[in-house]
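A.B. asks: The file below is upload_12.txt, compact mmCIF, C-alpha atoms:
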# COMPACT_ATOMS: atom_id res chain seq x y z
CA MET A 1 0.00 0.00 0.00
CA PRO A 2 1.37 3.49 -0.85
CA GLU A 3 2.52 5.73 1.98
CA CYS A 4 -0.45 7.61 3.44
CA SER A 5 -0.71 11.24 2.30
CA HIS A 6 -3.38 11.95 4.96
CA ASN A 7 -5.54 13.50 2.23
CA CYS A 8 -8.60 11.28 2.44
CA GLU A 9 -10.60 13.29 -0.11
CA THR A 10 -8.43 12.14 -3.00
CA CYS A 11 -7.09 8.83 -1.72
CA SER A 12 -8.30 5.65 -3.46
CA GLN A 13 -7.33 3.29 -0.63
CA ASN A 14 -10.21 1.60 1.15
CA CYS A 15 -8.86 1.98 4.68
CA GLN A 16 -10.94 2.24 7.83
CA SER A 17 -9.49 5.64 8.73
CA GLY A 18 -10.42 7.14 5.39
CA ALA A 19 -13.93 5.70 5.48
CA GLU A 20 -14.50 7.20 8.92
CA LYS A 21 -13.23 10.63 7.90
CA THR A 22 -14.98 10.96 4.54
CA GLY A 23 -17.82 8.48 4.65
CA ILE A 24 -16.46 7.05 1.39
CA ALA A 25 -15.60 3.36 1.14
CA LYS A 26 -15.31 0.94 -1.75
CA GLU A 27 -18.71 -0.35 -2.81
CA LEU A 28 -19.14 -4.10 -2.57
CA PRO A 29 -20.32 -5.92 -5.69
CA ASN A 30 -23.50 -7.97 -5.87
CA ASP A 31 -23.46 -11.07 -3.65
CA PHE A 32 -23.46 -13.23 -6.78
CA CYS A 33 -20.28 -11.65 -8.19
CA GLN A 34 -16.58 -12.35 -8.15
CA VAL A 35 -14.55 -9.89 -10.22
CA LYS A 36 -10.81 -10.58 -10.20
CA LYS A 37 -9.41 -7.53 -12.01
CA VAL A 38 -10.92 -4.11 -12.77
CA ILE A 39 -9.33 -1.94 -15.47
CA ALA A 40 -10.52 1.62 -16.12
CA VAL A 41 -10.09 2.91 -19.68
CA MET A 42 -10.03 6.70 -19.63
CA SER A 43 -9.19 9.70 -21.79
CA GLY A 44 -8.75 13.39 -21.15
CA LYS A 45 -11.05 14.33 -24.02
CA GLY A 46 -13.74 12.73 -26.15
CA GLY A 47 -13.45 11.31 -29.63
CA VAL A 48 -10.11 9.55 -29.25
CA GLY A 49 -11.37 5.95 -29.38
CA LYS A 50 -11.68 5.07 -25.71
CA SER A 51 -14.74 2.87 -26.25
CA LEU A 52 -13.00 1.13 -29.15
CA VAL A 53 -10.04 0.26 -26.93
CA SER A 54 -12.35 -0.92 -24.14
CA ALA A 55 -14.25 -3.15 -26.56
CA MET A 56 -11.14 -4.60 -28.21
CA LEU A 57 -9.46 -5.40 -24.89
CA ALA A 58 -12.59 -7.21 -23.70
CA VAL A 59 -12.65 -9.15 -26.97
CA LEU A 60 -8.98 -10.10 -26.61
CA SER A 61 -9.49 -11.26 -23.02
CA GLN A 62 -12.42 -13.42 -24.07
CA ARG A 63 -10.47 -14.88 -26.98
CA ASN A 64 -7.64 -15.81 -24.62
CA GLY A 65 -9.95 -17.78 -22.38
CA TYR A 66 -10.64 -15.17 -19.72
CA LYS A 67 -14.18 -14.25 -18.70
CA SER A 68 -14.51 -10.58 -19.55
CA ALA A 69 -17.06 -7.85 -18.93
CA ILE A 70 -17.60 -4.20 -19.78
CA LEU A 71 -19.19 -1.67 -17.44
CA ASP A 72 -20.18 1.24 -19.67
CA ALA A 73 -19.71 4.26 -17.40
CA ASP A 74 -20.17 6.76 -20.23
CA ILE A 75 -23.79 7.30 -19.23
CA THR A 76 -24.61 10.23 -21.51
CA GLY A 77 -22.78 8.81 -24.54
CA PRO A 78 -22.93 5.02 -24.39
CA SER A 79 -21.54 3.33 -27.49
CA ILE A 80 -20.56 -0.12 -26.26
CA PRO A 81 -23.91 -1.84 -27.05
CA ARG A 82 -23.71 -0.65 -30.68
CA ALA A 83 -20.21 -2.09 -31.09
CA PHE A 84 -21.50 -5.52 -30.00
CA HIS A 85 -24.85 -5.25 -31.80
CA LEU A 86 -26.80 -5.43 -28.56
CA SER A 87 -30.27 -3.95 -28.33
CA SER A 88 -32.13 -6.33 -26.03
CA GLY A 89 -32.86 -5.00 -22.55
CA ALA A 90 -31.04 -6.10 -19.44
CA GLU A 91 -33.18 -8.28 -17.16
CA VAL A 92 -34.18 -6.72 -13.84
CA THR A 93 -35.05 -9.15 -11.02
CA GLU A 94 -35.29 -9.11 -7.24
CA SER A 95 -31.70 -10.33 -6.97
CA GLY A 96 -30.38 -7.57 -9.22
CA ILE A 97 -29.84 -6.52 -12.81
CA TYR A 98 -28.47 -9.12 -15.20
CA PRO A 99 -26.00 -7.91 -17.85
CA VAL A 100 -26.50 -8.76 -21.49
CA ALA A 101 -24.05 -11.25 -22.97
CA SER A 102 -22.47 -10.68 -26.37
CA LYS A 103 -22.18 -13.39 -29.01
CA THR A 104 -18.91 -14.64 -27.50
CA GLY A 105 -20.08 -14.33 -23.90
CA ILE A 106 -18.76 -10.90 -22.87
CA LYS A 107 -21.01 -9.51 -20.14
CA ILE A 108 -22.08 -5.92 -20.81
CA MET A 109 -23.99 -3.36 -18.77
CA SER A 110 -24.88 -0.01 -20.30
CA LEU A 111 -27.64 2.53 -19.81
CA ASN A 112 -28.78 1.88 -23.39
CA LEU A 113 -29.65 -1.67 -22.36
CA LEU A 114 -32.18 -0.27 -19.89
CA LEU A 115 -33.83 2.30 -22.15
CA GLU A 116 -36.86 1.68 -24.34
CA HIS A 117 -35.13 3.45 -27.25
CA GLU A 118 -31.35 3.68 -27.56
CA SER A 119 -31.66 7.28 -28.78
CA ASP A 120 -33.40 8.42 -25.57
CA PRO A 121 -31.08 10.96 -23.89
CA ALA A 122 -30.03 10.82 -20.26
CA VAL A 123 -30.68 14.43 -19.28
CA TRP A 124 -29.35 14.02 -15.76
CA ARG A 125 -27.15 16.02 -13.43
CA GLY A 126 -23.74 14.80 -12.33
CA PRO A 127 -24.65 13.16 -8.99
CA ILE A 128 -27.37 11.05 -10.61
CA ILE A 129 -25.00 9.95 -13.37
CA ALA A 130 -22.31 9.06 -10.84
CA GLY A 131 -24.87 7.15 -8.75
CA THR A 132 -25.93 5.15 -11.79
CA VAL A 133 -22.34 4.04 -12.38
CA THR A 134 -22.10 2.88 -8.77
CA GLN A 135 -25.34 0.93 -9.21
CA PHE A 136 -23.91 -0.76 -12.31
CA TRP A 137 -21.16 -2.10 -10.05
CA LYS A 138 -23.10 -3.13 -6.94
CA ASP A 139 -26.57 -3.99 -8.30
CA VAL A 140 -25.62 -5.93 -11.45
CA VAL A 141 -25.26 -9.70 -11.16
CA TRP A 142 -21.92 -9.98 -12.93
CA GLY A 143 -21.15 -13.54 -11.79
CA ASP A 144 -17.56 -14.75 -12.24
CA VAL A 145 -15.44 -12.26 -14.18
CA ASP A 146 -11.67 -12.35 -14.75
CA CYS A 147 -11.30 -8.96 -16.42
CA MET A 148 -13.79 -6.12 -16.12
CA TYR A 149 -13.20 -3.06 -18.30
CA ILE A 150 -14.81 0.23 -17.30
CA ASP A 151 -15.42 2.43 -20.31
CA MET A 152 -15.12 5.85 -18.65
CA PRO A 153 -16.56 9.15 -19.89
CA PRO A 154 -13.94 11.65 -21.09
CA GLY A 155 -12.37 14.08 -18.66
CA THR A 156 -11.74 14.12 -14.93
CA GLY A 157 -15.19 14.98 -13.55
CA ASP A 158 -17.82 13.37 -11.35
CA VAL A 159 -17.90 9.89 -12.87
CA PRO A 160 -14.12 9.23 -12.96
CA LEU A 161 -13.87 10.49 -9.38
CA THR A 162 -16.74 8.21 -8.31
CA VAL A 163 -15.18 5.22 -10.08
CA PHE A 164 -11.77 5.71 -8.45
CA GLN A 165 -13.21 6.32 -4.99
CA SER A 166 -15.99 3.72 -4.97
CA LEU A 167 -14.82 0.85 -7.19
CA PRO A 168 -11.74 -1.36 -6.64
CA VAL A 169 -9.86 -0.22 -9.75
CA ASP A 170 -6.62 -2.16 -10.20
CA ALA A 171 -5.14 -0.08 -13.00
CA VAL A 172 -5.84 2.52 -15.67
CA ILE A 173 -5.29 2.61 -19.42
CA ILE A 174 -5.15 6.07 -20.99
CA VAL A 175 -6.26 6.57 -24.59
CA THR A 176 -5.12 9.56 -26.61
CA SER A 177 -4.53 10.81 -30.16
CA PRO A 178 -1.53 12.57 -31.78
CA GLN A 179 -2.61 16.23 -31.59
CA GLU A 180 -0.39 18.55 -29.52
CA LEU A 181 -3.36 19.77 -27.48
CA VAL A 182 -3.98 16.24 -26.31
CA SER A 183 -0.60 16.01 -24.55
CA MET A 184 -1.75 18.64 -22.10
CA ILE A 185 -5.07 16.85 -21.61
CA VAL A 186 -3.27 13.54 -21.12
CA GLU A 187 -1.28 15.16 -18.35
CA LYS A 188 -4.53 16.05 -16.58
CA ALA A 189 -5.64 12.41 -16.74
CA VAL A 190 -2.25 11.18 -15.55
CA ASN A 191 -2.25 13.62 -12.65
CA MET A 192 -5.71 12.44 -11.62
CA THR A 193 -4.58 8.81 -11.47
CA LYS A 194 -1.62 9.88 -9.32
CA MET A 195 -3.94 11.76 -6.96
CA MET A 196 -6.10 8.66 -6.65
CA ASN A 197 -3.08 6.33 -6.24
CA VAL A 198 -4.11 4.11 -9.16
CA PRO A 199 -1.30 2.78 -11.39
CA ILE A 200 -1.25 3.40 -15.15
CA LEU A 201 -0.90 0.12 -17.03
CA GLY A 202 -0.32 1.68 -20.45
CA ILE A 203 -1.10 4.47 -22.88
CA VAL A 204 -2.67 3.89 -26.30
CA GLU A 205 -2.44 6.41 -29.14
CA ASN A 206 -5.36 5.91 -31.50
CA MET A 207 -5.38 7.26 -35.09
CA SER A 208 -1.61 7.40 -34.80
CA TYR A 209 -0.92 7.16 -38.53
CA TYR A 210 -2.32 5.96 -41.85
CA GLU A 211 -0.50 3.26 -43.80
CA CYS A 212 -0.97 3.39 -47.55
CA PRO A 213 -2.22 -0.03 -48.72
CA SER A 214 -0.26 0.29 -51.98
CA CYS A 215 3.20 1.49 -50.96
CA HIS A 216 2.89 0.84 -47.19
CA GLU A 217 4.29 4.29 -46.41
CA LYS A 218 3.05 5.69 -43.10
CA HIS A 219 1.46 9.14 -43.07
CA SER A 220 0.91 11.16 -39.88
CA ILE A 221 -2.51 12.58 -40.71
CA PHE A 222 -3.00 14.26 -37.32
CA GLY A 223 0.61 15.34 -36.82
CA GLU A 224 3.75 13.59 -35.69
CA SER A 225 3.33 11.28 -32.76
CA GLY A 226 4.81 12.26 -29.44
CA LEU A 227 3.72 9.04 -27.77
CA GLU A 228 7.16 7.76 -26.76
CA GLU A 229 8.15 11.11 -25.28
CA THR A 230 4.85 11.40 -23.41
CA ALA A 231 5.13 7.87 -22.04
CA ALA A 232 8.74 8.43 -20.93
CA ARG A 233 7.84 11.71 -19.30
CA PHE A 234 5.22 10.07 -17.10
CA GLY A 235 7.09 6.80 -16.54
CA ILE A 236 4.62 4.66 -18.51
CA ASP A 237 6.43 1.60 -19.83
CA THR A 238 3.76 0.33 -22.25
CA ALA A 239 2.91 2.68 -25.14
CA LEU A 240 1.03 1.35 -28.17
CA LYS A 241 -0.12 2.86 -31.45
CA ILE A 242 -3.32 2.07 -33.36
CA PRO A 243 -3.28 3.19 -37.00
CA ILE A 244 -6.21 4.76 -38.82
CA ASP A 245 -8.17 1.83 -40.20
CA THR A 246 -11.63 2.26 -41.68
CA ARG A 247 -12.34 -1.38 -40.89
CA PHE A 248 -12.32 -0.50 -37.17
CA ALA A 249 -15.13 2.01 -37.58
CA ALA A 250 -17.06 -0.31 -39.88
CA ALA A 251 -16.80 -3.18 -37.39
CA CYS A 252 -18.13 -0.99 -34.58
CA ASP A 253 -20.94 0.50 -36.67
CA LYS A 254 -22.07 -2.96 -37.78
CA GLY A 255 -21.79 -4.46 -34.30
CA MET A 256 -19.09 -6.87 -35.45
CA ILE A 257 -16.21 -5.86 -33.18
CA GLU A 258 -15.87 -9.45 -31.94
CA LEU A 259 -14.95 -10.61 -35.46
CA PHE A 260 -12.26 -7.98 -35.98
CA GLU A 261 -8.65 -9.18 -35.98
CA ASN A 262 -5.92 -6.72 -34.97
CA SER A 263 -2.71 -7.25 -33.02
CA ALA A 264 -2.16 -3.63 -31.93
CA LEU A 265 -3.33 -4.25 -28.36
CA ASP A 266 -1.98 -7.78 -27.83
CA LYS A 267 0.93 -6.61 -25.66
CA LEU A 268 -1.36 -4.64 -23.40
CA ALA A 269 -3.84 -7.51 -23.13
CA ASP A 270 -1.03 -9.89 -22.12
CA LYS A 271 -0.02 -7.43 -19.41
CA ILE A 272 -3.58 -7.31 -18.09
CA HIS A 273 -3.83 -11.09 -17.99
CA GLN A 274 -0.72 -11.48 -15.84
CA GLY A 275 -1.56 -12.93 -12.46
CA LEU A 276 -4.96 -14.30 -13.49
Spell out the structure here as structure tokens.

C.D. replies:
Amino acid sequence: MPECSHNCETCSQNCQSGAEKTGIAKELPNDFCQVKKVIAVMSGKGGVGKSLVSAMLAVLSQRNGYKSAILDADITGPSIPRAFHLSSGAEVTESGIYPVASKTGIKIMSLNLLLEHESDPAVWRGPIIAGTVTQFWKDVVWGDVDCMYIDMPPGTGDVPLTVFQSLPVDAVIIVTSPQELVSMIVEKAVNMTKMMNVPILGIVENMSYYECPSCHEKHSIFGESGLEETAARFGIDTALKIPIDTRFAAACDKGMIELFENSALDKLADKIHQGL
């Protein structure tokens, strides 16, 4: 356990002293659940492919024989059900809410699986949104899960704070893109994880480059990558690049992400599976 900073407002440790001082303690999952590892996938800004990375990592875990799940914490912009072609509602019973399983058995819980129409907006204030995320953890009957991926909303607001304080997050993966502005926003996300004492497992740069299918020359459409420098600056030892690939978007739009083959995240998935 890290050395105590005596700042219980930002600490992620579930100690008795902190719970007494702040009234905040880690929420326990449903009685019918056993989740071995919880990985939060976050980004400093929207539109960088965070949900894509969450989905692909869950797919890779499932392919490698690990029981995986996705908790879609992006309440106002849920996109996970679309990527897996899920539209059927989650079952609500006296014992809890049952997640919807994908074609390969990935357990998924998202607000869109509870709405009558997937286009219905969640016009809610921050505390209600944060409370919903907590309910997705403690009231959903997840069962046995080896790897749970939390698809976080962008930024460092109410929901990320709730997740880090209330859920037993083992590590964080940060998703970014090559623009210079993003490096500053990445720093905000990194600093938040440090404040919450949650380790960063890796950083993924999406839309890093485009490789010409004819000559195989790589083109930096969104500017030269500074991924290695950024990772070194923050002491992150796993930094991966995902190229621009229209097949990614097509797979997500058609709900066929589980059929997509790509090795860009294999190294990160192997790191997540260590110790399971």

A.B. asks: If we count all atoms listed in the file, what is near Leu268 in chain A at a cut-off of 8 Å, once residues fewer than 2 positions away on the same chain are taken out, given as a PyMOL selection string?

C.D. replies: chain A and resi 201-202+238+265-266+270-272

A.B. asks: Using only C-alpha atoms, which of the listed residues (A:Cys147, A:Cys212, A:Ile221, A:Met184) sits closest to Leu60 in chain A?

C.D. replies: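 The closest residue to Leu60 in chain A is A:Cys147.
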
A.B. asks: CA of Met56 in chain A to CA of Asn206 in chain A: how many Å, to one decimal?

C.D. replies: 12.4 Å

A.B. asks: Env of Ile106 in chain A: 12 Å cut, atoms = all atoms listed in the file, seq-sep filter 3 positions within chain, self excluded. Answer as a ChimeraX atom specification.

C.D. replies: /A:54-63,65-71,80-81,84,86,99-103,109,142-149,257-258

A.B. asks: Can you measure CA of Gly96 in chain A to CA of Val141 in chain A for me? One decimal in Å is fine.

C.D. replies: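 These atoms are spaced 5.9 Å apart.
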
A.B. asks: Between CA of Val159 in chain A and CA of Ala130 in chain A, measure the distance and give it in Å to one decimal.

C.D. replies: 4.9 Å

A.B. asks: Select, counting only C-alpha atoms, all protein, DNA and RNA residues no farther than 10 Å from (-14.1, -0.8, -9.9) in file coordinates, and express the selection as a PDB file with C-alpha atoms, in the frame of the given file.

C.D. replies:
ATOM      1  CA  LYS A  26     -15.310   0.940  -1.750  1.00  0.00           C
ATOM      2  CA  GLU A  27     -18.710  -0.350  -2.810  1.00  0.00           C
ATOM      3  CA  LEU A  28     -19.140  -4.100  -2.570  1.00  0.00           C
ATOM      4  CA  PRO A  29     -20.320  -5.920  -5.690  1.00  0.00           C
ATOM      5  CA  VAL A  35     -14.550  -9.890 -10.220  1.00  0.00           C
ATOM      6  CA  LYS A  37      -9.410  -7.530 -12.010  1.00  0.00           C
ATOM      7  CA  VAL A  38     -10.920  -4.110 -12.770  1.00  0.00           C
ATOM      8  CA  ILE A  39      -9.330  -1.940 -15.470  1.00  0.00           C
ATOM      9  CA  ALA A  40     -10.520   1.620 -16.120  1.00  0.00           C
ATOM     10  CA  LEU A  71     -19.190  -1.670 -17.440  1.00  0.00           C
ATOM     11  CA  VAL A 133     -22.340   4.040 -12.380  1.00  0.00           C
ATOM     12  CA  THR A 134     -22.100   2.880  -8.770  1.00  0.00           C
ATOM     13  CA  TRP A 137     -21.160  -2.100 -10.050  1.00  0.00           C
ATOM     14  CA  LYS A 138     -23.100  -3.130  -6.940  1.00  0.00           C
ATOM     15  CA  MET A 148     -13.790  -6.120 -16.120  1.00  0.00           C
ATOM     16  CA  TYR A 149     -13.200  -3.060 -18.300  1.00  0.00           C
ATOM     17  CA  ILE A 150     -14.810   0.230 -17.300  1.00  0.00           C
ATOM     18  CA  THR A 162     -16.740   8.210  -8.310  1.00  0.00           C
ATOM     19  CA  VAL A 163     -15.180   5.220 -10.080  1.00  0.00           C
ATOM     20  CA  PHE A 164     -11.770   5.710  -8.450  1.00  0.00           C
ATOM     21  CA  GLN A 165     -13.210   6.320  -4.990  1.00  0.00           C
ATOM     22  CA  SER A 166     -15.990   3.720  -4.970  1.00  0.00           C
ATOM     23  CA  LEU A 167     -14.820   0.850  -7.190  1.00  0.00           C
ATOM     24  CA  PRO A 168     -11.740  -1.360  -6.640  1.00  0.00           C
ATOM     25  CA  VAL A 169      -9.860  -0.220  -9.750  1.00  0.00           C
ATOM     26  CA  ASP A 170      -6.620  -2.160 -10.200  1.00  0.00           C
ATOM     27  CA  ALA A 171      -5.140  -0.080 -13.000  1.00  0.00           C
TER      28      ALA A 171
END

A.B. asks: Using only C-alpha atoms, which residue out of A:Gly44, A:Pro153, A:Gly223, A:Gly49 lies closest to Thr193 in chain A?

C.D. replies: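 Nearest to Thr193 in chain A: A:Gly44.
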
A.B. asks: Set the distance at 10 Å and use only C-alpha atoms: which residues neighbour His117 in chain A once local chain neighbours fewer than 5 positions away are removed? I'd like the list as number ranges by chain.

C.D. replies: A: 87, 89, 112

A.B. asks: Name all residues at most 12 Å from Ala231 in chain A (count all atoms listed in the file; drop same-chain ones fewer than 6 positions away) and give them as an mmCIF file with C-alpha atoms, in the frame of the given file.

C.D. replies:
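Wrote around_23.cif, looks like this:
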data_model
loop_
_atom_site.group_PDB
_atom_site.id
_atom_site.type_symbol
_atom_site.label_atom_id
_atom_site.label_comp_id
_atom_site.auth_asym_id
_atom_site.auth_seq_id
_atom_site.Cartn_x
_atom_site.Cartn_y
_atom_site.Cartn_z
ATOM 1 C CA ILE A 173 -5.290 2.610 -19.420
ATOM 2 C CA ILE A 174 -5.150 6.070 -20.990
ATOM 3 C CA VAL A 175 -6.260 6.570 -24.590
ATOM 4 C CA THR A 176 -5.120 9.560 -26.610
ATOM 5 C CA SER A 183 -0.600 16.010 -24.550
ATOM 6 C CA VAL A 186 -3.270 13.540 -21.120
ATOM 7 C CA GLU A 187 -1.280 15.160 -18.350
ATOM 8 C CA VAL A 190 -2.250 11.180 -15.550
ATOM 9 C CA ILE A 200 -1.250 3.400 -15.150
ATOM 10 C CA LEU A 201 -0.900 0.120 -17.030
ATOM 11 C CA GLY A 202 -0.320 1.680 -20.450
ATOM 12 C CA ILE A 203 -1.100 4.470 -22.880
ATOM 13 C CA VAL A 204 -2.670 3.890 -26.300
ATOM 14 C CA GLU A 205 -2.440 6.410 -29.140
ATOM 15 C CA SER A 225 3.330 11.280 -32.760
ATOM 16 C CA ASP A 237 6.430 1.600 -19.830
ATOM 17 C CA THR A 238 3.760 0.330 -22.250
ATOM 18 C CA ALA A 239 2.910 2.680 -25.140
ATOM 19 C CA LEU A 240 1.030 1.350 -28.170
ATOM 20 C CA LYS A 241 -0.120 2.860 -31.450
#

A.B. asks: Write out as a list of chain:residue names the residues lying within 12 Å of Trp124 in chain A, counting all atoms listed in the file and excluding same-chain residues fewer than 6 positions away.

C.D. replies: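 Non-adjacent residues within range: A:Ile75, A:Thr76, A:Ala130, A:Gly131, A:Thr132.
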
A.B. asks: Around the point (-11.8, 16.4, -24.3) (coordinates from the file), which residues reach within 9 Å if we count all atoms listed in the file? Answer as a list in words.

C.D. replies: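 All residues meeting the 9 Å criterion around (-11.8, 16.4, -24.3) are Ser43, Gly44, Lys45, Gly46, Gly47, Val48, Pro154, Gly155, Val182 and Ile185 of chain A.
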
A.B. asks: With all atoms listed in the file as the basis for distance, which of A:Asn191, A:Ser95, A:Ser119, A:Ser177 is at the shortest distance from Phe32 in chain A?

C.D. replies: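 Nearest candidate to Phe32 in chain A out of A:Asn191, A:Ser95, A:Ser119, A:Ser177: A:Ser95.
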
A.B. asks: Please fill the gaps in range 267-275 of chain A so it has all heavy atoms, and write that as a PDB file, keeping the file's coordinate frame.

C.D. replies:
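Contents of rebuild-v9.pdb, as written:
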ATOM      1  N   LYS A 267      -0.042  -6.787 -26.744  1.00  0.00           N
ATOM      2  CA  LYS A 267       0.930  -6.610 -25.660  1.00  0.00           C
ATOM      3  C   LYS A 267       0.263  -6.125 -24.389  1.00  0.00           C
ATOM      4  O   LYS A 267       0.562  -6.585 -23.287  1.00  0.00           O
ATOM      5  CB  LYS A 267       2.033  -5.640 -26.099  1.00  0.00           C
ATOM      6  CG  LYS A 267       3.130  -5.439 -25.073  1.00  0.00           C
ATOM      7  CD  LYS A 267       4.201  -4.491 -25.593  1.00  0.00           C
ATOM      8  CE  LYS A 267       5.285  -4.266 -24.544  1.00  0.00           C
ATOM      9  NZ  LYS A 267       6.330  -3.318 -25.051  1.00  0.00           N
ATOM     10  N   LEU A 268      -0.663  -5.188 -24.552  1.00  0.00           N
ATOM     11  CA  LEU A 268      -1.360  -4.640 -23.400  1.00  0.00           C
ATOM     12  C   LEU A 268      -2.286  -5.685 -22.782  1.00  0.00           C
ATOM     13  O   LEU A 268      -2.384  -5.809 -21.549  1.00  0.00           O
ATOM     14  CB  LEU A 268      -2.160  -3.406 -23.810  1.00  0.00           C
ATOM     15  CG  LEU A 268      -2.806  -2.577 -22.698  1.00  0.00           C
ATOM     16  CD1 LEU A 268      -1.772  -2.157 -21.658  1.00  0.00           C
ATOM     17  CD2 LEU A 268      -3.479  -1.345 -23.288  1.00  0.00           C
ATOM     18  N   ALA A 269      -2.956  -6.461 -23.630  1.00  0.00           N
ATOM     19  CA  ALA A 269      -3.840  -7.510 -23.130  1.00  0.00           C
ATOM     20  C   ALA A 269      -3.047  -8.549 -22.341  1.00  0.00           C
ATOM     21  O   ALA A 269      -3.487  -9.003 -21.270  1.00  0.00           O
ATOM     22  CB  ALA A 269      -4.571  -8.177 -24.294  1.00  0.00           C
ATOM     23  N   ASP A 270      -1.869  -8.922 -22.833  1.00  0.00           N
ATOM     24  CA  ASP A 270      -1.030  -9.890 -22.120  1.00  0.00           C
ATOM     25  C   ASP A 270      -0.639  -9.356 -20.733  1.00  0.00           C
ATOM     26  O   ASP A 270      -0.589 -10.109 -19.754  1.00  0.00           O
ATOM     27  CB  ASP A 270       0.232 -10.192 -22.929  1.00  0.00           C
ATOM     28  CG  ASP A 270      -0.051 -10.983 -24.189  1.00  0.00           C
ATOM     29  OD1 ASP A 270      -1.137 -11.596 -24.271  1.00  0.00           O
ATOM     30  OD2 ASP A 270       0.799 -10.985 -25.103  1.00  0.00           O
ATOM     31  N   LYS A 271      -0.388  -8.055 -20.686  1.00  0.00           N
ATOM     32  CA  LYS A 271      -0.020  -7.430 -19.410  1.00  0.00           C
ATOM     33  C   LYS A 271      -1.189  -7.472 -18.428  1.00  0.00           C
ATOM     34  O   LYS A 271      -1.006  -7.702 -17.224  1.00  0.00           O
ATOM     35  CB  LYS A 271       0.420  -5.987 -19.672  1.00  0.00           C
ATOM     36  CG  LYS A 271       1.166  -5.342 -18.516  1.00  0.00           C
ATOM     37  CD  LYS A 271       1.725  -3.998 -18.954  1.00  0.00           C
ATOM     38  CE  LYS A 271       2.502  -3.342 -17.823  1.00  0.00           C
ATOM     39  NZ  LYS A 271       3.049  -2.015 -18.244  1.00  0.00           N
ATOM     40  N   ILE A 272      -2.384  -7.268 -18.939  1.00  0.00           N
ATOM     41  CA  ILE A 272      -3.580  -7.310 -18.090  1.00  0.00           C
ATOM     42  C   ILE A 272      -3.819  -8.706 -17.556  1.00  0.00           C
ATOM     43  O   ILE A 272      -4.220  -8.890 -16.401  1.00  0.00           O
ATOM     44  CB  ILE A 272      -4.810  -6.841 -18.903  1.00  0.00           C
ATOM     45  CG1 ILE A 272      -4.700  -5.345 -19.234  1.00  0.00           C
ATOM     46  CG2 ILE A 272      -6.109  -7.102 -18.147  1.00  0.00           C
ATOM     47  CD1 ILE A 272      -5.701  -4.856 -20.239  1.00  0.00           C
ATOM     48  N   HIS A 273      -3.537  -9.703 -18.367  1.00  0.00           N
ATOM     49  CA  HIS A 273      -3.830 -11.090 -17.990  1.00  0.00           C
ATOM     50  C   HIS A 273      -2.813 -11.672 -17.004  1.00  0.00           C
ATOM     51  O   HIS A 273      -3.049 -12.755 -16.449  1.00  0.00           O
ATOM     52  CB  HIS A 273      -3.871 -11.970 -19.240  1.00  0.00           C
ATOM     53  CG  HIS A 273      -4.922 -11.556 -20.209  1.00  0.00           C
ATOM     54  ND1 HIS A 273      -4.842 -11.799 -21.569  1.00  0.00           N
ATOM     55  CD2 HIS A 273      -6.098 -10.869 -20.029  1.00  0.00           C
ATOM     56  CE1 HIS A 273      -5.914 -11.296 -22.172  1.00  0.00           C
ATOM     57  NE2 HIS A 273      -6.680 -10.741 -21.253  1.00  0.00           N
ATOM     58  N   GLN A 274      -1.729 -10.979 -16.777  1.00  0.00           N
ATOM     59  CA  GLN A 274      -0.720 -11.480 -15.840  1.00  0.00           C
ATOM     60  C   GLN A 274      -1.314 -11.606 -14.437  1.00  0.00           C
ATOM     61  O   GLN A 274      -1.983 -10.709 -13.951  1.00  0.00           O
ATOM     62  CB  GLN A 274       0.496 -10.551 -15.810  1.00  0.00           C
ATOM     63  CG  GLN A 274       1.332 -10.582 -17.065  1.00  0.00           C
ATOM     64  CD  GLN A 274       2.490  -9.599 -17.024  1.00  0.00           C
ATOM     65  OE1 GLN A 274       2.721  -8.932 -16.023  1.00  0.00           O
ATOM     66  NE2 GLN A 274       3.217  -9.483 -18.129  1.00  0.00           N
ATOM     67  N   GLY A 275      -1.083 -12.721 -13.819  1.00  0.00           N
ATOM     68  CA  GLY A 275      -1.560 -12.930 -12.460  1.00  0.00           C
ATOM     69  C   GLY A 275      -2.951 -13.534 -12.372  1.00  0.00           C
ATOM     70  O   GLY A 275      -3.426 -13.829 -11.270  1.00  0.00           O
TER      71      GLY A 275
END
